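So this block is work-v8.cif, mmCIF, N, CA and C atoms and all ligand atoms:
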```
data_data
loop_
_atom_site.label_atom_id
_atom_site.label_comp_id
_atom_site.auth_asym_id
_atom_site.auth_seq_id
_atom_site.Cartn_x
_atom_site.Cartn_y
_atom_site.Cartn_z
N MET A 26 7.64 10.30 6.53
CA MET A 26 8.02 10.85 5.25
C MET A 26 6.82 11.65 4.71
N THR A 27 7.07 12.92 4.41
CA THR A 27 6.02 13.74 3.83
C THR A 27 6.21 13.79 2.32
N ARG A 28 5.12 13.57 1.62
CA ARG A 28 5.20 13.58 0.16
C ARG A 28 4.06 14.45 -0.34
N ILE A 29 4.35 15.27 -1.30
CA ILE A 29 3.34 16.18 -1.82
C ILE A 29 2.87 15.70 -3.18
N TYR A 30 1.56 15.44 -3.28
CA TYR A 30 0.96 15.07 -4.55
C TYR A 30 0.10 16.26 -4.99
N SER A 31 0.67 17.12 -5.78
CA SER A 31 -0.05 18.29 -6.23
C SER A 31 -0.74 18.00 -7.56
N ALA A 32 -1.68 18.86 -7.92
CA ALA A 32 -2.33 18.73 -9.23
C ALA A 32 -1.28 18.85 -10.34
N LEU A 33 -0.29 19.71 -10.13
CA LEU A 33 0.76 19.88 -11.14
C LEU A 33 1.59 18.61 -11.30
N SER A 34 1.96 17.98 -10.14
CA SER A 34 2.77 16.76 -10.25
C SER A 34 1.95 15.63 -10.89
N LEU A 35 0.67 15.55 -10.58
CA LEU A 35 -0.18 14.54 -11.23
C LEU A 35 -0.23 14.75 -12.73
N PHE A 36 -0.37 16.02 -13.12
CA PHE A 36 -0.45 16.35 -14.54
C PHE A 36 0.88 16.00 -15.25
N LYS A 37 2.00 16.41 -14.62
CA LYS A 37 3.31 16.15 -15.22
C LYS A 37 3.57 14.65 -15.34
N GLU A 38 3.22 13.91 -14.28
CA GLU A 38 3.43 12.47 -14.33
C GLU A 38 2.53 11.80 -15.37
N GLY A 39 1.34 12.36 -15.55
CA GLY A 39 0.46 11.84 -16.59
C GLY A 39 1.09 11.96 -17.96
N LEU A 40 1.73 13.10 -18.19
CA LEU A 40 2.40 13.30 -19.49
C LEU A 40 3.64 12.43 -19.63
N ALA A 41 4.28 12.13 -18.48
CA ALA A 41 5.54 11.37 -18.52
C ALA A 41 5.31 9.87 -18.40
N GLY A 42 4.06 9.43 -18.46
CA GLY A 42 3.78 7.99 -18.40
C GLY A 42 3.92 7.40 -17.01
N GLN A 43 3.76 8.20 -15.97
CA GLN A 43 3.81 7.74 -14.57
C GLN A 43 5.14 7.08 -14.25
N THR A 44 6.24 7.61 -14.76
CA THR A 44 7.54 6.98 -14.57
C THR A 44 8.39 7.67 -13.51
N GLY A 45 7.96 8.84 -13.04
CA GLY A 45 8.82 9.61 -12.14
C GLY A 45 8.49 9.51 -10.67
N TRP A 46 7.49 8.73 -10.31
CA TRP A 46 7.12 8.63 -8.89
C TRP A 46 8.18 7.87 -8.13
N LYS A 47 8.46 8.33 -6.91
CA LYS A 47 9.35 7.59 -6.02
C LYS A 47 8.50 6.62 -5.19
N GLN A 48 9.11 5.50 -4.80
CA GLN A 48 8.40 4.54 -3.98
C GLN A 48 7.93 5.19 -2.69
N ALA A 49 6.66 5.02 -2.36
CA ALA A 49 6.06 5.71 -1.22
C ALA A 49 5.91 4.80 -0.01
N TRP A 50 6.41 3.58 -0.10
CA TRP A 50 6.26 2.66 1.02
C TRP A 50 7.64 2.11 1.39
N ARG A 51 7.71 1.59 2.63
CA ARG A 51 8.96 1.02 3.09
C ARG A 51 9.12 -0.39 2.52
N SER A 52 10.33 -0.91 2.62
CA SER A 52 10.59 -2.29 2.22
C SER A 52 11.25 -3.01 3.38
N PRO A 53 10.49 -3.23 4.46
CA PRO A 53 11.11 -3.86 5.64
C PRO A 53 11.42 -5.33 5.41
N GLU A 54 12.41 -5.81 6.15
CA GLU A 54 12.68 -7.25 6.13
C GLU A 54 11.47 -7.97 6.71
N PRO A 55 11.06 -9.09 6.11
CA PRO A 55 9.94 -9.84 6.68
C PRO A 55 10.27 -10.32 8.09
N LYS A 56 9.25 -10.32 8.97
CA LYS A 56 9.43 -10.83 10.33
C LYS A 56 9.32 -12.36 10.31
N PRO A 57 9.80 -13.00 11.37
CA PRO A 57 9.73 -14.47 11.40
C PRO A 57 8.29 -14.99 11.39
N SER A 58 7.35 -14.22 11.94
CA SER A 58 5.96 -14.69 11.94
C SER A 58 5.01 -13.49 12.02
N TYR A 59 3.75 -13.75 11.64
CA TYR A 59 2.69 -12.73 11.70
C TYR A 59 1.44 -13.38 12.27
N ASP A 60 0.52 -12.56 12.76
CA ASP A 60 -0.77 -13.08 13.21
C ASP A 60 -1.73 -13.26 12.04
N ALA A 61 -1.52 -12.46 10.99
CA ALA A 61 -2.36 -12.59 9.79
C ALA A 61 -1.54 -12.20 8.57
N ILE A 62 -1.78 -12.90 7.51
CA ILE A 62 -1.13 -12.56 6.23
C ILE A 62 -2.23 -12.35 5.20
N VAL A 63 -2.23 -11.19 4.58
CA VAL A 63 -3.22 -10.85 3.57
C VAL A 63 -2.53 -10.93 2.20
N ILE A 64 -3.12 -11.67 1.30
CA ILE A 64 -2.57 -11.80 -0.04
C ILE A 64 -3.26 -10.79 -0.95
N GLY A 65 -2.49 -9.85 -1.47
CA GLY A 65 -3.02 -8.86 -2.40
C GLY A 65 -3.23 -7.51 -1.73
N GLY A 66 -2.58 -6.50 -2.25
CA GLY A 66 -2.65 -5.16 -1.68
C GLY A 66 -3.60 -4.24 -2.43
N GLY A 67 -4.70 -4.79 -2.93
CA GLY A 67 -5.74 -3.95 -3.52
C GLY A 67 -6.61 -3.34 -2.42
N GLY A 68 -7.73 -2.80 -2.81
CA GLY A 68 -8.61 -2.16 -1.84
C GLY A 68 -9.07 -3.11 -0.75
N HIS A 69 -9.45 -4.31 -1.14
CA HIS A 69 -9.93 -5.26 -0.13
C HIS A 69 -8.81 -5.70 0.80
N GLY A 70 -7.64 -5.96 0.23
CA GLY A 70 -6.52 -6.43 1.06
C GLY A 70 -6.08 -5.36 2.05
N LEU A 71 -5.95 -4.12 1.58
CA LEU A 71 -5.52 -3.04 2.48
C LEU A 71 -6.59 -2.74 3.52
N ALA A 72 -7.86 -2.80 3.13
CA ALA A 72 -8.93 -2.58 4.10
C ALA A 72 -8.94 -3.69 5.15
N THR A 73 -8.72 -4.91 4.71
CA THR A 73 -8.65 -6.03 5.66
C THR A 73 -7.55 -5.80 6.68
N ALA A 74 -6.36 -5.42 6.20
CA ALA A 74 -5.23 -5.19 7.11
C ALA A 74 -5.56 -4.02 8.05
N TYR A 75 -6.12 -2.97 7.51
CA TYR A 75 -6.44 -1.77 8.31
C TYR A 75 -7.44 -2.10 9.41
N TYR A 76 -8.52 -2.80 9.05
CA TYR A 76 -9.56 -3.06 10.05
C TYR A 76 -9.18 -4.18 11.02
N LEU A 77 -8.29 -5.08 10.59
CA LEU A 77 -7.75 -6.04 11.57
C LEU A 77 -7.05 -5.28 12.69
N ALA A 78 -6.29 -4.25 12.31
CA ALA A 78 -5.57 -3.46 13.31
C ALA A 78 -6.52 -2.55 14.09
N LYS A 79 -7.36 -1.82 13.36
CA LYS A 79 -8.20 -0.80 14.00
C LYS A 79 -9.29 -1.40 14.88
N ASN A 80 -9.97 -2.40 14.37
CA ASN A 80 -11.14 -2.94 15.10
C ASN A 80 -10.82 -4.15 15.96
N HIS A 81 -9.74 -4.84 15.64
CA HIS A 81 -9.46 -6.09 16.36
C HIS A 81 -8.11 -6.08 17.06
N GLY A 82 -7.33 -5.01 16.91
CA GLY A 82 -6.05 -4.91 17.60
C GLY A 82 -4.99 -5.86 17.08
N ILE A 83 -5.23 -6.41 15.90
CA ILE A 83 -4.25 -7.34 15.31
C ILE A 83 -3.33 -6.52 14.42
N THR A 84 -2.15 -6.22 14.96
CA THR A 84 -1.26 -5.30 14.23
C THR A 84 -0.08 -6.03 13.59
N ARG A 85 0.11 -7.29 13.93
CA ARG A 85 1.21 -8.04 13.29
C ARG A 85 0.66 -8.66 12.00
N VAL A 86 0.45 -7.79 11.01
CA VAL A 86 -0.18 -8.19 9.75
C VAL A 86 0.79 -7.91 8.60
N ALA A 87 0.94 -8.88 7.72
CA ALA A 87 1.73 -8.67 6.50
C ALA A 87 0.78 -8.63 5.32
N VAL A 88 0.98 -7.67 4.44
CA VAL A 88 0.25 -7.63 3.18
C VAL A 88 1.25 -7.96 2.08
N LEU A 89 0.99 -9.03 1.36
CA LEU A 89 1.89 -9.46 0.28
C LEU A 89 1.26 -9.04 -1.05
N GLU A 90 1.97 -8.20 -1.78
CA GLU A 90 1.47 -7.68 -3.05
C GLU A 90 2.44 -8.07 -4.16
N LYS A 91 1.94 -8.77 -5.15
CA LYS A 91 2.85 -9.24 -6.19
C LYS A 91 3.37 -8.11 -7.06
N GLY A 92 2.62 -7.00 -7.12
CA GLY A 92 3.08 -5.88 -7.94
C GLY A 92 4.10 -5.03 -7.22
C1 LIG B 1 -10.90 -0.15 -15.54
C2 LIG B 1 -11.54 -0.25 -14.18
C3 LIG B 1 -12.16 0.88 -13.65
C4 LIG B 1 -12.77 0.83 -12.40
N1 LIG B 1 -13.36 1.94 -11.91
C5 LIG B 1 -13.94 1.92 -10.70
C6 LIG B 1 -14.53 3.09 -10.15
O1 LIG B 1 -14.56 4.15 -10.76
N2 LIG B 1 -15.11 3.00 -8.93
C7 LIG B 1 -15.12 1.83 -8.21
O2 LIG B 1 -15.66 1.81 -7.09
N3 LIG B 1 -14.57 0.72 -8.71
C8 LIG B 1 -13.98 0.71 -9.93
N4 LIG B 1 -13.42 -0.41 -10.44
C9 LIG B 1 -13.51 -1.64 -9.66
C10 LIG B 1 -12.46 -1.64 -8.56
O3 LIG B 1 -11.20 -1.30 -9.10
C11 LIG B 1 -12.42 -3.05 -8.01
O4 LIG B 1 -13.70 -3.46 -7.60
C12 LIG B 1 -11.52 -3.11 -6.79
O5 LIG B 1 -10.24 -2.58 -7.10
C13 LIG B 1 -11.38 -4.53 -6.34
O6 LIG B 1 -10.48 -4.53 -5.26
P1 LIG B 1 -9.79 -5.85 -4.84
O7 LIG B 1 -8.95 -5.52 -3.61
O8 LIG B 1 -10.76 -6.96 -4.68
O9 LIG B 1 -8.90 -6.27 -6.08
P2 LIG B 1 -7.65 -5.52 -6.73
O10 LIG B 1 -7.71 -4.05 -6.57
O11 LIG B 1 -7.54 -6.12 -8.09
O12 LIG B 1 -6.44 -6.02 -5.83
C14 LIG B 1 -5.95 -7.34 -5.88
C15 LIG B 1 -4.45 -7.23 -5.65
O13 LIG B 1 -3.94 -8.52 -5.42
C16 LIG B 1 -2.71 -8.63 -6.08
N5 LIG B 1 -2.47 -10.06 -6.29
C17 LIG B 1 -3.14 -10.90 -7.12
N6 LIG B 1 -2.65 -12.14 -7.03
C18 LIG B 1 -1.67 -12.10 -6.11
C19 LIG B 1 -0.78 -13.06 -5.57
N7 LIG B 1 -0.80 -14.35 -5.97
N8 LIG B 1 0.14 -12.68 -4.64
C20 LIG B 1 0.18 -11.38 -4.23
N9 LIG B 1 -0.63 -10.42 -4.70
C21 LIG B 1 -1.55 -10.77 -5.63
C22 LIG B 1 -2.84 -7.83 -7.34
O14 LIG B 1 -1.57 -7.40 -7.81
C23 LIG B 1 -3.70 -6.64 -6.84
O15 LIG B 1 -2.90 -5.55 -6.42
C24 LIG B 1 -12.78 -0.39 -11.67
C25 LIG B 1 -12.14 -1.51 -12.20
C26 LIG B 1 -11.52 -1.45 -13.43
C27 LIG B 1 -10.84 -2.68 -14.00
#
```

Could you show the structure in this file as structure tokens?
Amino acid sequence: MTRIYSALSLFKEGLAGQTGWKQAWRSPEPKPSYDAIVIGGGGHGLATAYYLAKNHGITRVAVLEKG
């Protein structure tokens, strides 16, 4: 999915209270099991998931984000 975040769209969304963005991530059904589960999709959580995959080859990772 290609999504364009232009300066104009950022400006317009700023004026509109950030209400017009479409969800940019998938909502897959959870798998029966994972090799790692990361709680929290902030910078640390996403970096943990990314480097587990990139540096350690652990790609069956779930990131659970309450927001
Ligand atoms: C106002 C403000 C301005 C900042 N400006 C800067 C800046 O300019 N530059 C900079 O480098 N840093 C800045 N920081 C600091 C930076 O945002 C934090 O250091 C960084 O986001 C911390 O990342 P984190 O992954 O540890 O936590 P967070 O980004 O807080 O992520 C934690 C995530 O875990 C989720 N979560 C919590 N509990 C649960 C749960 N039980 N189950 C599932 N999910 C859960 C939360 O919803 C959240 O998304 C700023 C912080 C604030 C508050």

Go through the chains and note each residue within 10 Å of ligand LIG 1 (chain B), using only C-alpha atoms and all ligand atoms, then give the set as a VMD selection string.
chain A and resid 63 to 73 88 to 92

Residues from the last selection, N, CA and C atoms, saved as a CSV table (one decimal), in the coordinates of the input:
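What landed in result25.csv:
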```csv
chain,number,residue,atom,x,y,z
A,63,VAL,N,-2.2,-11.2,4.6
A,63,VAL,CA,-3.2,-10.8,3.6
A,63,VAL,C,-2.5,-10.9,2.2
A,64,ILE,N,-3.1,-11.7,1.3
A,64,ILE,CA,-2.6,-11.8,0.0
A,64,ILE,C,-3.3,-10.8,-1.0
A,65,GLY,N,-2.5,-9.8,-1.5
A,65,GLY,CA,-3.0,-8.9,-2.4
A,65,GLY,C,-3.2,-7.5,-1.7
A,66,GLY,N,-2.6,-6.5,-2.2
A,66,GLY,CA,-2.6,-5.2,-1.7
A,66,GLY,C,-3.6,-4.2,-2.4
A,67,GLY,N,-4.7,-4.8,-2.9
A,67,GLY,CA,-5.7,-4.0,-3.5
A,67,GLY,C,-6.6,-3.3,-2.4
A,68,GLY,N,-7.7,-2.8,-2.8
A,68,GLY,CA,-8.6,-2.2,-1.8
A,68,GLY,C,-9.1,-3.1,-0.8
A,69,HIS,N,-9.4,-4.3,-1.1
A,69,HIS,CA,-9.9,-5.3,-0.1
A,69,HIS,C,-8.8,-5.7,0.8
A,70,GLY,N,-7.6,-6.0,0.2
A,70,GLY,CA,-6.5,-6.4,1.1
A,70,GLY,C,-6.1,-5.4,2.0
A,71,LEU,N,-6.0,-4.1,1.6
A,71,LEU,CA,-5.5,-3.0,2.5
A,71,LEU,C,-6.6,-2.7,3.5
A,72,ALA,N,-7.9,-2.8,3.1
A,72,ALA,CA,-8.9,-2.6,4.1
A,72,ALA,C,-8.9,-3.7,5.2
A,73,THR,N,-8.7,-4.9,4.7
A,73,THR,CA,-8.6,-6.0,5.7
A,73,THR,C,-7.6,-5.8,6.7
A,88,VAL,N,1.0,-7.7,4.4
A,88,VAL,CA,0.2,-7.6,3.2
A,88,VAL,C,1.2,-8.0,2.1
A,89,LEU,N,1.0,-9.0,1.4
A,89,LEU,CA,1.9,-9.5,0.3
A,89,LEU,C,1.3,-9.0,-1.0
A,90,GLU,N,2.0,-8.2,-1.8
A,90,GLU,CA,1.5,-7.7,-3.0
A,90,GLU,C,2.4,-8.1,-4.2
A,91,LYS,N,1.9,-8.8,-5.2
A,91,LYS,CA,2.8,-9.2,-6.2
A,91,LYS,C,3.4,-8.1,-7.1
A,92,GLY,N,2.6,-7.0,-7.1
A,92,GLY,CA,3.1,-5.9,-7.9
A,92,GLY,C,4.1,-5.0,-7.2
```

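Atom N of Ile62 of chain A lies 13.6 Å from atom CA of His81 of chain A.
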
**Request:** Pick out each residue of chain A that DSSP on the backbone tags as strand (DSSP E); I need them as a PyMOL selection string.
**Result:** chain A and resi 61-64+86-89

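Between atom CA of Thr84 of chain A and atom CA of Ala49 of chain A lies a distance of 20.3 Å.
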
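Inside chain A, the residues DSSP reads as alpha helix (DSSP H) when given the backbone are Ala32, Leu33, Ser34, Leu35, Phe36, Lys37, Glu38, Gly39, Leu40, Gly68, His69, Gly70, Leu71, Ala72, Thr73, Ala74, Tyr75, Tyr76, Leu77, Ala78, Lys79, Asn80 and His81 of chain A.
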
Grab the residues selected above and save them as an mmCIF file, in the coordinates of the input with N, CA and C atoms.
```cif
data_model
loop_
_atom_site.group_PDB
_atom_site.id
_atom_site.type_symbol
_atom_site.label_atom_id
_atom_site.label_comp_id
_atom_site.auth_asym_id
_atom_site.auth_seq_id
_atom_site.Cartn_x
_atom_site.Cartn_y
_atom_site.Cartn_z
ATOM 1 N N ALA A 32 -1.680 18.860 -7.920
ATOM 2 C CA ALA A 32 -2.330 18.730 -9.230
ATOM 3 C C ALA A 32 -1.280 18.850 -10.340
ATOM 4 N N LEU A 33 -0.290 19.710 -10.130
ATOM 5 C CA LEU A 33 0.760 19.880 -11.140
ATOM 6 C C LEU A 33 1.590 18.610 -11.300
ATOM 7 N N SER A 34 1.960 17.980 -10.140
ATOM 8 C CA SER A 34 2.770 16.760 -10.250
ATOM 9 C C SER A 34 1.950 15.630 -10.890
ATOM 10 N N LEU A 35 0.670 15.550 -10.580
ATOM 11 C CA LEU A 35 -0.180 14.540 -11.230
ATOM 12 C C LEU A 35 -0.230 14.750 -12.730
ATOM 13 N N PHE A 36 -0.370 16.020 -13.120
ATOM 14 C CA PHE A 36 -0.450 16.350 -14.540
ATOM 15 C C PHE A 36 0.880 16.000 -15.250
ATOM 16 N N LYS A 37 2.000 16.410 -14.620
ATOM 17 C CA LYS A 37 3.310 16.150 -15.220
ATOM 18 C C LYS A 37 3.570 14.650 -15.340
ATOM 19 N N GLU A 38 3.220 13.910 -14.280
ATOM 20 C CA GLU A 38 3.430 12.470 -14.330
ATOM 21 C C GLU A 38 2.530 11.800 -15.370
ATOM 22 N N GLY A 39 1.340 12.360 -15.550
ATOM 23 C CA GLY A 39 0.460 11.840 -16.590
ATOM 24 C C GLY A 39 1.090 11.960 -17.960
ATOM 25 N N LEU A 40 1.730 13.100 -18.190
ATOM 26 C CA LEU A 40 2.400 13.300 -19.490
ATOM 27 C C LEU A 40 3.640 12.430 -19.630
ATOM 28 N N GLY A 68 -7.730 -2.800 -2.810
ATOM 29 C CA GLY A 68 -8.610 -2.160 -1.840
ATOM 30 C C GLY A 68 -9.070 -3.110 -0.750
ATOM 31 N N HIS A 69 -9.450 -4.310 -1.140
ATOM 32 C CA HIS A 69 -9.930 -5.260 -0.130
ATOM 33 C C HIS A 69 -8.810 -5.700 0.800
ATOM 34 N N GLY A 70 -7.640 -5.960 0.230
ATOM 35 C CA GLY A 70 -6.520 -6.430 1.060
ATOM 36 C C GLY A 70 -6.080 -5.360 2.050
ATOM 37 N N LEU A 71 -5.950 -4.120 1.580
ATOM 38 C CA LEU A 71 -5.520 -3.040 2.480
ATOM 39 C C LEU A 71 -6.590 -2.740 3.520
ATOM 40 N N ALA A 72 -7.860 -2.800 3.130
ATOM 41 C CA ALA A 72 -8.930 -2.580 4.100
ATOM 42 C C ALA A 72 -8.940 -3.690 5.150
ATOM 43 N N THR A 73 -8.720 -4.910 4.710
ATOM 44 C CA THR A 73 -8.650 -6.030 5.660
ATOM 45 C C THR A 73 -7.550 -5.800 6.680
ATOM 46 N N ALA A 74 -6.360 -5.420 6.200
ATOM 47 C CA ALA A 74 -5.230 -5.190 7.110
ATOM 48 C C ALA A 74 -5.560 -4.020 8.050
ATOM 49 N N TYR A 75 -6.120 -2.970 7.510
ATOM 50 C CA TYR A 75 -6.440 -1.770 8.310
ATOM 51 C C TYR A 75 -7.440 -2.100 9.410
ATOM 52 N N TYR A 76 -8.520 -2.800 9.050
ATOM 53 C CA TYR A 76 -9.560 -3.060 10.050
ATOM 54 C C TYR A 76 -9.180 -4.180 11.020
ATOM 55 N N LEU A 77 -8.290 -5.080 10.590
ATOM 56 C CA LEU A 77 -7.750 -6.040 11.570
ATOM 57 C C LEU A 77 -7.050 -5.280 12.690
ATOM 58 N N ALA A 78 -6.290 -4.250 12.310
ATOM 59 C CA ALA A 78 -5.570 -3.460 13.310
ATOM 60 C C ALA A 78 -6.520 -2.550 14.090
ATOM 61 N N LYS A 79 -7.360 -1.820 13.360
ATOM 62 C CA LYS A 79 -8.200 -0.800 14.000
ATOM 63 C C LYS A 79 -9.290 -1.400 14.880
ATOM 64 N N ASN A 80 -9.970 -2.400 14.370
ATOM 65 C CA ASN A 80 -11.140 -2.940 15.100
ATOM 66 C C ASN A 80 -10.820 -4.150 15.960
ATOM 67 N N HIS A 81 -9.740 -4.840 15.640
ATOM 68 C CA HIS A 81 -9.460 -6.090 16.360
ATOM 69 C C HIS A 81 -8.110 -6.080 17.060
#
```

Which residues come within 12 Å of Ser58 of chain A, counting only C-alpha atoms, excluding same-chain residues fewer than 3 positions away, as a PDB file with N, CA and C atoms, keeping the file's coordinate frame?
```
ATOM      1  N   GLU A  54      12.410  -5.810   6.150  1.00  0.00           N
ATOM      2  CA  GLU A  54      12.680  -7.250   6.130  1.00  0.00           C
ATOM      3  C   GLU A  54      11.470  -7.970   6.710  1.00  0.00           C
ATOM      4  N   PRO A  55      11.060  -9.090   6.110  1.00  0.00           N
ATOM      5  CA  PRO A  55       9.940  -9.840   6.680  1.00  0.00           C
ATOM      6  C   PRO A  55      10.270 -10.320   8.090  1.00  0.00           C
ATOM      7  N   ALA A  61      -1.520 -12.460  10.990  1.00  0.00           N
ATOM      8  CA  ALA A  61      -2.360 -12.590   9.790  1.00  0.00           C
ATOM      9  C   ALA A  61      -1.540 -12.200   8.570  1.00  0.00           C
ATOM     10  N   ILE A  62      -1.780 -12.900   7.510  1.00  0.00           N
ATOM     11  CA  ILE A  62      -1.130 -12.560   6.230  1.00  0.00           C
ATOM     12  C   ILE A  62      -2.230 -12.350   5.200  1.00  0.00           C
ATOM     13  N   ARG A  85       0.110  -7.290  13.930  1.00  0.00           N
ATOM     14  CA  ARG A  85       1.210  -8.040  13.290  1.00  0.00           C
ATOM     15  C   ARG A  85       0.660  -8.660  12.000  1.00  0.00           C
ATOM     16  N   VAL A  86       0.450  -7.790  11.010  1.00  0.00           N
ATOM     17  CA  VAL A  86      -0.180  -8.190   9.750  1.00  0.00           C
ATOM     18  C   VAL A  86       0.790  -7.910   8.600  1.00  0.00           C
ATOM     19  N   ALA A  87       0.940  -8.880   7.720  1.00  0.00           N
ATOM     20  CA  ALA A  87       1.730  -8.670   6.500  1.00  0.00           C
ATOM     21  C   ALA A  87       0.780  -8.630   5.320  1.00  0.00           C
TER      22      ALA A  87
END
```

Students should find that atom N of Ser31 of chain A and atom C of Ser52 of chain A are spaced 24.5 Å

Taking all listed atoms of segment 28-38 of chain A, build the axis-aligned box, pad each of the six sides by 6 Å, then write its centre and edge lengths in Å to one decimal as AutoDock Vina command-line options.
```
--center_x 1.4 --center_y 15.8 --center_z -6.9 --size_x 19.5 --size_y 20.1 --size_z 29.0
```
